[in-house]
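Okay, entry.cif is below, mmCIF, C-alpha atoms, pLDDT in the B column; chains and numbers go by the auth columns:
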```cif
data_structure
loop_
_atom_site.group_PDB
_atom_site.id
_atom_site.type_symbol
_atom_site.label_atom_id
_atom_site.label_comp_id
_atom_site.label_asym_id
_atom_site.label_seq_id
_atom_site.Cartn_x
_atom_site.Cartn_y
_atom_site.Cartn_z
_atom_site.B_iso_or_equiv
_atom_site.auth_seq_id
_atom_site.auth_asym_id
ATOM 1 C CA MET A 1 30.128 -79.311 -31.223 64.00 1 A
ATOM 2 C CA ASP A 2 33.551 -77.783 -30.564 78.00 2 A
ATOM 3 C CA SER A 3 32.875 -74.281 -31.853 89.00 3 A
ATOM 4 C CA ILE A 4 30.287 -71.958 -33.305 94.00 4 A
ATOM 5 C CA GLN A 5 30.759 -69.048 -35.688 96.00 5 A
ATOM 6 C CA VAL A 6 29.010 -65.682 -35.311 96.00 6 A
ATOM 7 C CA THR A 7 29.106 -63.339 -38.301 96.00 7 A
ATOM 8 C CA GLY A 8 27.528 -59.919 -38.626 96.00 8 A
ATOM 9 C CA ILE A 9 25.550 -59.344 -41.817 95.00 9 A
ATOM 10 C CA LYS A 10 26.432 -55.848 -42.925 90.00 10 A
ATOM 11 C CA SER A 11 25.349 -53.352 -45.565 87.00 11 A
ATOM 12 C CA LEU A 12 21.616 -53.599 -45.055 92.00 12 A
ATOM 13 C CA PRO A 13 19.885 -50.408 -46.159 92.00 13 A
ATOM 14 C CA THR A 14 17.978 -48.207 -43.737 90.00 14 A
ATOM 15 C CA ILE A 15 14.845 -50.254 -43.198 93.00 15 A
ATOM 16 C CA LYS A 16 11.509 -48.588 -43.851 93.00 16 A
ATOM 17 C CA ALA A 17 7.884 -49.644 -43.550 96.00 17 A
ATOM 18 C CA GLY A 18 6.913 -52.342 -46.020 96.00 18 A
ATOM 19 C CA ASP A 19 10.434 -53.630 -46.659 97.00 19 A
ATOM 20 C CA ASN A 20 10.876 -57.377 -47.150 98.00 20 A
ATOM 21 C CA LEU A 21 13.407 -58.254 -44.463 98.00 21 A
ATOM 22 C CA ALA A 22 14.087 -61.789 -45.701 98.00 22 A
ATOM 23 C CA GLU A 23 14.914 -60.474 -49.159 98.00 23 A
ATOM 24 C CA LEU A 24 17.152 -57.699 -47.849 97.00 24 A
ATOM 25 C CA ILE A 25 18.960 -60.045 -45.457 98.00 25 A
ATOM 26 C CA CYS A 26 19.584 -62.587 -48.229 98.00 26 A
ATOM 27 C CA ARG A 27 20.841 -59.854 -50.555 97.00 27 A
ATOM 28 C CA ALA A 28 23.209 -58.433 -47.923 96.00 28 A
ATOM 29 C CA ALA A 29 24.501 -61.904 -47.050 97.00 29 A
ATOM 30 C CA ASP A 30 25.096 -62.646 -50.725 96.00 30 A
ATOM 31 C CA GLY A 31 27.085 -59.416 -50.985 95.00 31 A
ATOM 32 C CA GLN A 32 29.390 -60.725 -48.244 95.00 32 A
ATOM 33 C CA GLY A 33 29.802 -64.067 -49.980 96.00 33 A
ATOM 34 C CA ILE A 34 27.633 -65.836 -47.391 96.00 34 A
ATOM 35 C CA ARG A 35 25.495 -68.737 -48.572 96.00 35 A
ATOM 36 C CA PHE A 36 22.930 -69.864 -46.053 97.00 36 A
ATOM 37 C CA GLN A 37 22.933 -73.507 -44.975 97.00 37 A
ATOM 38 C CA ASN A 38 20.397 -75.748 -43.286 97.00 38 A
ATOM 39 C CA GLY A 39 20.759 -75.320 -39.534 96.00 39 A
ATOM 40 C CA ASP A 40 21.938 -71.693 -39.644 98.00 40 A
ATOM 41 C CA ILE A 41 20.472 -69.300 -37.087 98.00 41 A
ATOM 42 C CA LEU A 42 19.655 -65.677 -37.882 98.00 42 A
ATOM 43 C CA VAL A 43 19.438 -63.186 -35.015 98.00 43 A
ATOM 44 C CA VAL A 44 17.572 -60.033 -36.046 97.00 44 A
ATOM 45 C CA THR A 45 17.177 -56.906 -33.914 95.00 45 A
ATOM 46 C CA HIS A 46 13.589 -56.006 -33.149 95.00 46 A
ATOM 47 C CA VAL A 47 14.178 -52.409 -34.263 94.00 47 A
ATOM 48 C CA ILE A 48 14.463 -53.302 -37.950 95.00 48 A
ATOM 49 C CA VAL A 49 11.473 -55.625 -37.606 97.00 49 A
ATOM 50 C CA SER A 50 9.464 -52.779 -36.056 96.00 50 A
ATOM 51 C CA ARG A 51 10.581 -50.411 -38.802 95.00 51 A
ATOM 52 C CA ALA A 52 9.678 -52.875 -41.555 97.00 52 A
ATOM 53 C CA GLU A 53 6.270 -53.556 -39.973 97.00 53 A
ATOM 54 C CA GLY A 54 5.527 -49.870 -39.430 96.00 54 A
ATOM 55 C CA TYR A 55 5.650 -49.760 -35.631 96.00 55 A
ATOM 56 C CA ILE A 56 7.448 -46.424 -35.440 96.00 56 A
ATOM 57 C CA VAL A 57 5.814 -43.557 -33.560 96.00 57 A
ATOM 58 C CA ASP A 58 6.586 -39.840 -33.664 96.00 58 A
ATOM 59 C CA LEU A 59 6.403 -38.641 -30.054 96.00 59 A
ATOM 60 C CA ASP A 60 5.270 -35.216 -31.245 96.00 60 A
ATOM 61 C CA LYS A 61 2.055 -36.863 -32.485 97.00 61 A
ATOM 62 C CA VAL A 62 1.260 -38.497 -29.125 97.00 62 A
ATOM 63 C CA THR A 63 -1.186 -36.722 -26.815 97.00 63 A
ATOM 64 C CA PRO A 64 -0.323 -37.619 -23.221 97.00 64 A
ATOM 65 C CA SER A 65 -3.081 -38.210 -20.702 96.00 65 A
ATOM 66 C CA VAL A 66 -3.261 -36.377 -17.385 97.00 66 A
ATOM 67 C CA PHE A 67 -2.004 -39.531 -15.676 95.00 67 A
ATOM 68 C CA ALA A 68 0.967 -39.753 -18.052 95.00 68 A
ATOM 69 C CA LYS A 69 1.793 -36.103 -17.406 96.00 69 A
ATOM 70 C CA CYS A 70 1.752 -36.676 -13.645 94.00 70 A
ATOM 71 C CA ILE A 71 4.105 -39.660 -13.903 93.00 71 A
ATOM 72 C CA ALA A 72 6.378 -37.786 -16.325 93.00 72 A
ATOM 73 C CA GLU A 73 6.659 -34.824 -13.980 93.00 73 A
ATOM 74 C CA GLN A 74 7.360 -37.033 -10.980 91.00 74 A
ATOM 75 C CA TYR A 75 10.056 -39.086 -12.717 88.00 75 A
ATOM 76 C CA GLU A 76 11.420 -36.416 -15.082 89.00 76 A
ATOM 77 C CA LYS A 77 10.434 -38.229 -18.259 92.00 77 A
ATOM 78 C CA ASP A 78 8.914 -37.191 -21.571 94.00 78 A
ATOM 79 C CA PRO A 79 5.089 -37.172 -21.139 96.00 79 A
ATOM 80 C CA ALA A 80 4.590 -38.519 -24.668 96.00 80 A
ATOM 81 C CA LEU A 81 6.970 -41.407 -23.977 95.00 81 A
ATOM 82 C CA VAL A 82 5.197 -42.196 -20.707 95.00 82 A
ATOM 83 C CA GLU A 83 1.870 -42.238 -22.554 96.00 83 A
ATOM 84 C CA LEU A 84 3.259 -44.749 -25.064 96.00 84 A
ATOM 85 C CA VAL A 85 4.639 -46.912 -22.255 96.00 85 A
ATOM 86 C CA LEU A 86 1.195 -46.987 -20.646 96.00 86 A
ATOM 87 C CA ARG A 87 -0.465 -47.890 -23.947 96.00 87 A
ATOM 88 C CA GLU A 88 1.998 -50.715 -24.626 96.00 88 A
ATOM 89 C CA SER A 89 1.847 -52.188 -21.115 96.00 89 A
ATOM 90 C CA LYS A 90 -0.242 -54.810 -19.415 94.00 90 A
ATOM 91 C CA SER A 91 0.905 -53.414 -16.078 92.00 91 A
ATOM 92 C CA ILE A 92 3.540 -51.149 -14.534 91.00 92 A
ATOM 93 C CA ARG A 93 5.696 -53.291 -12.233 89.00 93 A
ATOM 94 C CA ARG A 94 7.990 -50.629 -10.738 89.00 94 A
ATOM 95 C CA MET A 95 8.562 -46.876 -10.888 88.00 95 A
ATOM 96 C CA GLY A 96 11.551 -45.189 -9.337 83.00 96 A
ATOM 97 C CA ASP A 97 14.836 -43.393 -9.919 82.00 97 A
ATOM 98 C CA GLY A 98 13.555 -42.081 -13.241 80.00 98 A
ATOM 99 C CA LYS A 99 12.724 -45.558 -14.534 86.00 99 A
ATOM 100 C CA LEU A 100 9.506 -47.280 -15.561 91.00 100 A
ATOM 101 C CA ILE A 101 9.563 -51.081 -15.457 92.00 101 A
ATOM 102 C CA ALA A 102 6.579 -52.440 -17.332 93.00 102 A
ATOM 103 C CA GLU A 103 5.081 -55.773 -18.225 94.00 103 A
ATOM 104 C CA THR A 104 4.318 -55.621 -21.927 95.00 104 A
ATOM 105 C CA LYS A 105 1.272 -57.146 -23.543 94.00 105 A
ATOM 106 C CA HIS A 106 3.567 -60.005 -24.634 95.00 106 A
ATOM 107 C CA GLY A 107 4.469 -60.722 -20.994 93.00 107 A
ATOM 108 C CA PHE A 108 8.017 -59.307 -21.101 93.00 108 A
ATOM 109 C CA VAL A 109 9.125 -57.305 -18.057 92.00 109 A
ATOM 110 C CA CYS A 110 11.467 -54.541 -19.177 92.00 110 A
ATOM 111 C CA ALA A 111 12.175 -50.825 -19.046 92.00 111 A
ATOM 112 C CA ASN A 112 9.764 -48.531 -20.905 93.00 112 A
ATOM 113 C CA ALA A 113 7.751 -51.499 -22.248 94.00 113 A
ATOM 114 C CA GLY A 114 10.584 -52.146 -24.700 94.00 114 A
ATOM 115 C CA ILE A 115 10.108 -48.820 -26.504 94.00 115 A
ATOM 116 C CA ASP A 116 13.410 -47.986 -28.163 89.00 116 A
ATOM 117 C CA LYS A 117 14.997 -44.789 -29.483 87.00 117 A
ATOM 118 C CA SER A 118 18.369 -46.200 -30.574 84.00 118 A
ATOM 119 C CA ASN A 119 18.901 -46.819 -34.292 80.00 119 A
ATOM 120 C CA VAL A 120 15.579 -45.217 -35.216 86.00 120 A
ATOM 121 C CA PRO A 121 15.799 -42.403 -37.803 85.00 121 A
ATOM 122 C CA GLY A 122 14.098 -39.159 -36.782 87.00 122 A
ATOM 123 C CA GLU A 123 14.748 -36.982 -33.759 88.00 123 A
ATOM 124 C CA ARG A 124 11.437 -37.781 -32.033 93.00 124 A
ATOM 125 C CA ASN A 125 10.734 -41.219 -33.468 95.00 125 A
ATOM 126 C CA VAL A 126 10.740 -44.360 -31.335 95.00 126 A
ATOM 127 C CA ALA A 127 10.239 -48.039 -32.129 95.00 127 A
ATOM 128 C CA LEU A 128 7.584 -50.102 -30.407 96.00 128 A
ATOM 129 C CA LEU A 129 8.029 -53.828 -29.952 97.00 129 A
ATOM 130 C CA PRO A 130 6.431 -55.853 -32.765 97.00 130 A
ATOM 131 C CA PRO A 131 3.002 -57.023 -31.533 96.00 131 A
ATOM 132 C CA ASN A 132 3.720 -60.670 -32.454 97.00 132 A
ATOM 133 C CA PRO A 133 7.486 -61.281 -32.574 97.00 133 A
ATOM 134 C CA ASP A 134 7.063 -65.042 -33.105 97.00 134 A
ATOM 135 C CA ARG A 135 5.026 -64.347 -36.225 98.00 135 A
ATOM 136 C CA SER A 136 7.663 -61.843 -37.385 98.00 136 A
ATOM 137 C CA ALA A 137 10.353 -64.500 -36.937 98.00 137 A
ATOM 138 C CA ARG A 138 8.289 -67.051 -38.875 98.00 138 A
ATOM 139 C CA GLU A 139 7.795 -64.634 -41.757 98.00 139 A
ATOM 140 C CA ILE A 140 11.544 -64.029 -42.043 98.00 140 A
ATOM 141 C CA ARG A 141 12.221 -67.757 -41.787 98.00 141 A
ATOM 142 C CA ASP A 142 9.648 -68.564 -44.464 98.00 142 A
ATOM 143 C CA GLY A 143 11.038 -65.831 -46.691 98.00 143 A
ATOM 144 C CA VAL A 144 14.607 -67.094 -46.406 98.00 144 A
ATOM 145 C CA ARG A 145 13.434 -70.637 -47.174 98.00 145 A
ATOM 146 C CA ALA A 146 11.567 -69.429 -50.262 98.00 146 A
ATOM 147 C CA LEU A 147 14.622 -67.522 -51.525 97.00 147 A
ATOM 148 C CA THR A 148 17.381 -69.993 -50.653 97.00 148 A
ATOM 149 C CA GLY A 149 15.760 -73.370 -50.068 97.00 149 A
ATOM 150 C CA CYS A 150 17.462 -73.513 -46.657 97.00 150 A
ATOM 151 C CA GLU A 151 15.855 -74.265 -43.314 97.00 151 A
ATOM 152 C CA VAL A 152 17.153 -71.664 -40.885 97.00 152 A
ATOM 153 C CA ALA A 153 16.026 -70.694 -37.401 98.00 153 A
ATOM 154 C CA VAL A 154 15.249 -67.056 -36.616 98.00 154 A
ATOM 155 C CA ILE A 155 15.525 -65.178 -33.326 98.00 155 A
ATOM 156 C CA ILE A 156 14.161 -61.647 -32.901 98.00 156 A
ATOM 157 C CA SER A 157 16.247 -59.933 -30.227 96.00 157 A
ATOM 158 C CA ASP A 158 16.032 -56.957 -27.902 94.00 158 A
ATOM 159 C CA THR A 159 18.292 -55.505 -25.227 91.00 159 A
ATOM 160 C CA HIS A 160 17.041 -55.908 -21.653 91.00 160 A
ATOM 161 C CA GLY A 161 18.450 -55.051 -18.269 87.00 161 A
ATOM 162 C CA ARG A 162 18.552 -57.578 -15.422 83.00 162 A
ATOM 163 C CA PRO A 163 17.153 -57.052 -11.928 80.00 163 A
ATOM 164 C CA LEU A 164 20.161 -58.268 -9.954 81.00 164 A
ATOM 165 C CA ARG A 165 23.108 -57.399 -12.203 88.00 165 A
ATOM 166 C CA LYS A 166 24.328 -54.226 -13.880 90.00 166 A
ATOM 167 C CA GLY A 167 24.456 -53.886 -17.628 90.00 167 A
ATOM 168 C CA GLU A 168 22.146 -54.867 -20.445 89.00 168 A
ATOM 169 C CA MET A 169 22.280 -57.875 -22.730 91.00 169 A
ATOM 170 C CA ASN A 170 20.526 -59.195 -25.792 94.00 170 A
ATOM 171 C CA VAL A 171 17.625 -61.581 -25.207 96.00 171 A
ATOM 172 C CA ALA A 172 15.173 -63.315 -27.508 97.00 172 A
ATOM 173 C CA ILE A 173 11.675 -61.841 -27.835 97.00 173 A
ATOM 174 C CA GLY A 174 10.525 -63.889 -30.832 98.00 174 A
ATOM 175 C CA ILE A 175 11.582 -67.222 -32.324 98.00 175 A
ATOM 176 C CA ALA A 176 10.901 -69.545 -35.243 97.00 176 A
ATOM 177 C CA GLY A 177 12.218 -73.026 -35.907 97.00 177 A
ATOM 178 C CA ILE A 178 14.117 -73.438 -32.649 97.00 178 A
ATOM 179 C CA GLN A 179 13.157 -74.578 -29.154 94.00 179 A
ATOM 180 C CA ALA A 180 13.411 -71.791 -26.601 93.00 180 A
ATOM 181 C CA LEU A 181 14.575 -74.039 -23.760 88.00 181 A
ATOM 182 C CA ARG A 182 16.802 -77.078 -23.520 80.00 182 A
ATOM 183 C CA ASP A 183 15.589 -79.235 -20.661 71.00 183 A
ATOM 184 C CA ARG A 184 18.584 -81.091 -19.213 69.00 184 A
ATOM 185 C CA ARG A 185 16.892 -82.415 -16.114 63.00 185 A
ATOM 186 C CA GLY A 186 17.631 -86.105 -15.707 63.00 186 A
ATOM 187 C CA GLU A 187 21.042 -85.859 -17.397 68.00 187 A
ATOM 188 C CA SER A 188 24.202 -86.634 -15.427 66.00 188 A
ATOM 189 C CA ASP A 189 27.114 -84.294 -14.871 68.00 189 A
ATOM 190 C CA LEU A 190 30.819 -85.240 -15.033 68.00 190 A
ATOM 191 C CA PHE A 191 30.638 -86.972 -11.658 69.00 191 A
ATOM 192 C CA GLY A 192 27.374 -88.820 -12.143 70.00 192 A
ATOM 193 C CA TYR A 193 25.156 -86.344 -10.305 69.00 193 A
ATOM 194 C CA VAL A 194 21.691 -86.374 -11.870 67.00 194 A
ATOM 195 C CA LEU A 195 20.581 -82.847 -12.722 64.00 195 A
ATOM 196 C CA ARG A 196 17.294 -81.850 -11.119 71.00 196 A
ATOM 197 C CA VAL A 197 17.138 -78.145 -11.973 66.00 197 A
ATOM 198 C CA LYS A 198 18.620 -77.398 -15.372 68.00 198 A
ATOM 199 C CA GLU A 199 16.709 -75.711 -18.158 75.00 199 A
ATOM 200 C CA THR A 200 18.919 -73.665 -20.451 85.00 200 A
ATOM 201 C CA ALA A 201 17.461 -70.619 -22.212 90.00 201 A
ATOM 202 C CA VAL A 202 19.383 -71.347 -25.406 95.00 202 A
ATOM 203 C CA VAL A 203 17.690 -68.651 -27.494 97.00 203 A
ATOM 204 C CA ASP A 204 18.717 -65.989 -24.970 96.00 204 A
ATOM 205 C CA GLU A 205 22.287 -67.316 -24.998 96.00 205 A
ATOM 206 C CA LEU A 206 22.353 -67.203 -28.801 97.00 206 A
ATOM 207 C CA ALA A 207 20.895 -63.688 -28.872 97.00 207 A
ATOM 208 C CA SER A 208 23.535 -62.551 -26.402 95.00 208 A
ATOM 209 C CA ALA A 209 26.334 -64.156 -28.418 95.00 209 A
ATOM 210 C CA ALA A 210 25.067 -62.397 -31.551 96.00 210 A
ATOM 211 C CA GLU A 211 25.226 -59.006 -29.833 94.00 211 A
ATOM 212 C CA LEU A 212 28.997 -59.310 -29.601 93.00 212 A
ATOM 213 C CA VAL A 213 29.176 -58.676 -33.354 93.00 213 A
ATOM 214 C CA MET A 214 25.981 -56.635 -33.761 90.00 214 A
ATOM 215 C CA GLY A 215 26.755 -54.031 -31.111 76.00 215 A
ATOM 216 C CA GLN A 216 24.429 -51.371 -29.742 60.00 216 A
ATOM 217 C CA ALA A 217 25.795 -48.082 -31.028 52.00 217 A
ATOM 218 C CA SER A 218 27.460 -47.025 -34.266 44.00 218 A
ATOM 219 C CA GLU A 219 28.204 -50.522 -35.538 53.00 219 A
ATOM 220 C CA GLY A 220 24.953 -50.617 -37.495 74.00 220 A
ATOM 221 C CA ILE A 221 24.794 -54.410 -37.818 92.00 221 A
ATOM 222 C CA PRO A 222 21.171 -55.440 -37.206 94.00 222 A
ATOM 223 C CA VAL A 223 21.497 -59.099 -38.216 97.00 223 A
ATOM 224 C CA ALA A 224 23.931 -61.848 -37.238 97.00 224 A
ATOM 225 C CA LEU A 225 24.404 -65.362 -38.562 98.00 225 A
ATOM 226 C CA ILE A 226 25.235 -68.117 -36.089 98.00 226 A
ATOM 227 C CA ARG A 227 26.582 -71.312 -37.605 97.00 227 A
ATOM 228 C CA GLY A 228 27.634 -74.572 -35.980 96.00 228 A
ATOM 229 C CA TYR A 229 25.224 -74.695 -33.044 94.00 229 A
ATOM 230 C CA ASN A 230 23.282 -77.960 -32.939 92.00 230 A
ATOM 231 C CA PHE A 231 19.904 -76.692 -31.780 91.00 231 A
ATOM 232 C CA ARG A 232 16.663 -78.541 -31.323 88.00 232 A
ATOM 233 C CA LYS A 233 14.159 -77.733 -34.028 89.00 233 A
ATOM 234 C CA ALA A 234 10.577 -76.761 -33.210 88.00 234 A
ATOM 235 C CA ALA A 235 7.809 -76.451 -35.781 86.00 235 A
ATOM 236 C CA LYS A 236 5.692 -74.448 -33.335 89.00 236 A
ATOM 237 C CA ALA A 237 8.332 -72.505 -31.435 89.00 237 A
ATOM 238 C CA LYS A 238 7.049 -69.815 -29.087 94.00 238 A
ATOM 239 C CA ILE A 239 8.822 -67.291 -26.932 95.00 239 A
ATOM 240 C CA SER A 240 6.156 -67.586 -24.236 93.00 240 A
ATOM 241 C CA ASP A 241 7.927 -70.785 -23.115 91.00 241 A
ATOM 242 C CA LEU A 242 10.534 -68.488 -21.528 90.00 242 A
ATOM 243 C CA ILE A 243 8.130 -66.279 -19.596 90.00 243 A
ATOM 244 C CA ARG A 244 8.007 -67.158 -15.921 85.00 244 A
ATOM 245 C CA PRO A 245 4.445 -67.267 -14.543 83.00 245 A
ATOM 246 C CA ARG A 246 3.691 -64.643 -11.929 79.00 246 A
ATOM 247 C CA GLU A 247 3.053 -67.276 -9.271 80.00 247 A
ATOM 248 C CA GLU A 248 6.666 -68.423 -9.703 77.00 248 A
ATOM 249 C CA ASP A 249 8.160 -64.925 -9.737 76.00 249 A
ATOM 250 C CA LEU A 250 10.069 -64.308 -6.489 70.00 250 A
ATOM 251 C CA PHE A 251 11.037 -60.735 -7.479 68.00 251 A
ATOM 252 C CA LEU A 252 7.585 -59.151 -7.785 64.00 252 A
#
```

Conversion result in structure tokens:
Amino acid sequence: MDSIQVTGIKSLPTIKAGDNLAELICRAADGQGIRFQNGDILVVTHVIVSRAEGYIVDLDKVTPSVFAKCIAEQYEKDPALVELVLRESKSIRRMGDGKLIAETKHGFVCANAGIDKSNVPGERNVALLPPNPDRSAREIRDGVRALTGCEVAVIISDTHGRPLRKGEMNVAIGIAGIQALRDRRGESDLFGYVLRVKETAVVDELASAAELVMGQASEGIPVALIRGYNFRKAAKAKISDLIRPREEDLFL
């Protein structure tokens, strides 16, 4: 594998609840002259998945609890948003400097439990994370197969910060048809050293590569096609393979 190609799939309509994402993605790709092939990878932003599945909340319709109001006042945040973060969280890991770092019910540790305002129509609307991103990825994958006959892999992505480095990057929060990790332990490097600690989070790397064409602001490209990467297929792929158990977490 000498190169891979990353192409943004443009001209998708504004996604609304009940939309068939696989159908819309295939239609947009066809409009660009793209024909899917076996082994292609689709990276899809969680926001359009949440919109299609109806996980959009109007903050004006959220009644914050007393606890949420106290946190909001202390950290200068919207009480309704804090209430949603609490509802979507398994636990709150850190609070400080106006930020809430939560562990979601999926096991992801991220700001505001992954609740997102960007690219969501409506002044007070926000997108929640899909409750089962792996299932969402499988549904898109199955839909593309039914429409094109091609076996593609699907990655649902989100933008997360990192505890020890500035800046955010795209990571995978749901997968279908592709192994999350590539275990390279036991392989030898260029000089014959046998690798003892080497597990590559390939789906995160692919999600990050896709963001280079998808963007985060006005680009409006919620889907990217990655072609040429020789990934390892997985009939029962699951994003939980990437979640580090608490007992192994040195940054708690």

- Message: As an exercise, work out the distance from atom CA of Ala127 of chain A to atom CA of Gly114 of chain A in Å and give it to one decimal place.
- Response: 8.5 Å

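Excluding Ile226 of chain A itself and any same-chain residue fewer than 5 positions from it, the protein and nucleic acid residues within 6 Å of it, counting all atoms listed in the file, are Gln5, Val6 and Ile41 of chain A.
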
Write out as a CSV table (one decimal) with C-alpha atoms, keeping the file's coordinate frame which residues come within 10 Å of segment 88-94 of chain A when counting all atoms listed in the file, dropping same-chain ones fewer than 5 positions away.
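Once written, around.csv looks like this:
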```
chain,number,residue,atom,x,y,z
A,82,VAL,CA,5.2,-42.2,-20.7
A,83,GLU,CA,1.9,-42.2,-22.6
A,99,LYS,CA,12.7,-45.6,-14.5
A,100,LEU,CA,9.5,-47.3,-15.6
A,101,ILE,CA,9.6,-51.1,-15.5
A,102,ALA,CA,6.6,-52.4,-17.3
A,103,GLU,CA,5.1,-55.8,-18.2
A,104,THR,CA,4.3,-55.6,-21.9
A,105,LYS,CA,1.3,-57.1,-23.5
A,106,HIS,CA,3.6,-60.0,-24.6
A,107,GLY,CA,4.5,-60.7,-21.0
A,108,PHE,CA,8.0,-59.3,-21.1
A,109,VAL,CA,9.1,-57.3,-18.1
A,110,CYS,CA,11.5,-54.5,-19.2
A,111,ALA,CA,12.2,-50.8,-19.0
A,112,ASN,CA,9.8,-48.5,-20.9
A,113,ALA,CA,7.8,-51.5,-22.2
A,114,GLY,CA,10.6,-52.1,-24.7
A,115,ILE,CA,10.1,-48.8,-26.5
A,128,LEU,CA,7.6,-50.1,-30.4
A,129,LEU,CA,8.0,-53.8,-30.0
A,131,PRO,CA,3.0,-57.0,-31.5
A,252,LEU,CA,7.6,-59.2,-7.8
```

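Proximity to Ile140 of chain A at 10 Å, evaluated using all atoms listed in the file and with sequence-adjacent residues fewer than 6 positions away removed, yields Asn20, Leu21, Ala22, Glu23, Ile25, Leu42, Val44, Val49, Ala146, Val152, Ala153, Val154, Ile155, Ile156 and Ala176 of chain A.
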
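One distance worth recording is that between atom CA of Ala29 of chain A and atom CA of Asp142 of chain A, which is 16.5 Å.
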
- Message: Applying the PyMOL selection byres ((chain A and resi 11) around 8) to the file I just gave you, which residues come out? Please list them as JSON, numbers by chain.
- Response: {"A": [9, 10, 12, 13, 28, 221]}

Would you put the residues from that selection into a file with C-alpha atoms, as a PDB file, in the frame of the given file?
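Wrote it out as selection.pdb, contents follow:
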```
ATOM      1  CA  ILE A   9      25.550 -59.344 -41.817  1.00 95.00           C
ATOM      2  CA  LYS A  10      26.432 -55.848 -42.925  1.00 90.00           C
ATOM      3  CA  LEU A  12      21.616 -53.599 -45.055  1.00 92.00           C
ATOM      4  CA  PRO A  13      19.885 -50.408 -46.159  1.00 92.00           C
ATOM      5  CA  ALA A  28      23.209 -58.433 -47.923  1.00 96.00           C
ATOM      6  CA  ILE A 221      24.794 -54.410 -37.818  1.00 92.00           C
TER       7      ILE A 221
END
```

- What does the PyMOL selection byres ((chain A and resi 61) around 12) select in this file, as a ChimeraX atom specification? /A:56-60,62-64,79-81,83-84,124-126

Include C-alpha atoms and write out the residues we just selected as a compact mmCIF listing (two decimals), in the frame of the given file.
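Just written: result.txt:
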```
# COMPACT_ATOMS: atom_id res chain seq x y z
CA ILE A 56 7.45 -46.42 -35.44
CA VAL A 57 5.81 -43.56 -33.56
CA ASP A 58 6.59 -39.84 -33.66
CA LEU A 59 6.40 -38.64 -30.05
CA ASP A 60 5.27 -35.22 -31.24
CA VAL A 62 1.26 -38.50 -29.12
CA THR A 63 -1.19 -36.72 -26.82
CA PRO A 64 -0.32 -37.62 -23.22
CA PRO A 79 5.09 -37.17 -21.14
CA ALA A 80 4.59 -38.52 -24.67
CA LEU A 81 6.97 -41.41 -23.98
CA GLU A 83 1.87 -42.24 -22.55
CA LEU A 84 3.26 -44.75 -25.06
CA ARG A 124 11.44 -37.78 -32.03
CA ASN A 125 10.73 -41.22 -33.47
CA VAL A 126 10.74 -44.36 -31.34
```

- Task: Go through A:Leu86, A:Arg182, A:Leu212, A:Gly18 and flag the residue nearest Glu199 of chain A, using only C-alpha atoms for the distances.
- Result: A:Arg182

Pull N, CA and C atoms for segment 132-143 of chain A from the block and write them as a JSON list (two decimals), in the first residue's frame.
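The resulting part-v5.json:
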```
[["chain", "number", "residue", "atom", "x", "y", "z"],
["A", 132, "ASN", "N", -26.26, 4.08, 20.05],
["A", 132, "ASN", "CA", -25.53, 2.87, 19.66],
["A", 132, "ASN", "C", -24.83, 3.12, 18.32],
["A", 133, "PRO", "N", -23.68, 3.81, 18.35],
["A", 133, "PRO", "CA", -23.01, 4.18, 17.10],
["A", 133, "PRO", "C", -22.58, 2.98, 16.25],
["A", 134, "ASP", "N", -22.24, 1.86, 16.89],
["A", 134, "ASP", "CA", -21.90, 0.66, 16.09],
["A", 134, "ASP", "C", -23.11, 0.21, 15.27],
["A", 135, "ARG", "N", -24.27, 0.21, 15.89],
["A", 135, "ARG", "CA", -25.48, -0.17, 15.16],
["A", 135, "ARG", "C", -25.75, 0.82, 14.03],
["A", 136, "SER", "N", -25.55, 2.10, 14.29],
["A", 136, "SER", "CA", -25.74, 3.12, 13.24],
["A", 136, "SER", "C", -24.82, 2.86, 12.07],
["A", 137, "ALA", "N", -23.55, 2.52, 12.37],
["A", 137, "ALA", "CA", -22.59, 2.22, 11.31],
["A", 137, "ALA", "C", -23.01, 0.99, 10.52],
["A", 138, "ARG", "N", -23.50, -0.04, 11.22],
["A", 138, "ARG", "CA", -23.94, -1.26, 10.53],
["A", 138, "ARG", "C", -25.12, -0.98, 9.60],
["A", 139, "GLU", "N", -26.04, -0.13, 10.05],
["A", 139, "GLU", "CA", -27.20, 0.18, 9.22],
["A", 139, "GLU", "C", -26.80, 0.90, 7.94],
["A", 140, "ILE", "N", -25.84, 1.82, 8.05],
["A", 140, "ILE", "CA", -25.36, 2.50, 6.84],
["A", 140, "ILE", "C", -24.64, 1.50, 5.93],
["A", 141, "ARG", "N", -23.81, 0.67, 6.53],
["A", 141, "ARG", "CA", -23.08, -0.34, 5.75],
["A", 141, "ARG", "C", -24.03, -1.28, 5.03],
["A", 142, "ASP", "N", -25.04, -1.76, 5.74],
["A", 142, "ASP", "CA", -26.01, -2.67, 5.13],
["A", 142, "ASP", "C", -26.79, -1.97, 4.02],
["A", 143, "GLY", "N", -27.11, -0.70, 4.24],
["A", 143, "GLY", "CA", -27.84, 0.06, 3.23],
["A", 143, "GLY", "C", -27.04, 0.27, 1.97]]
```
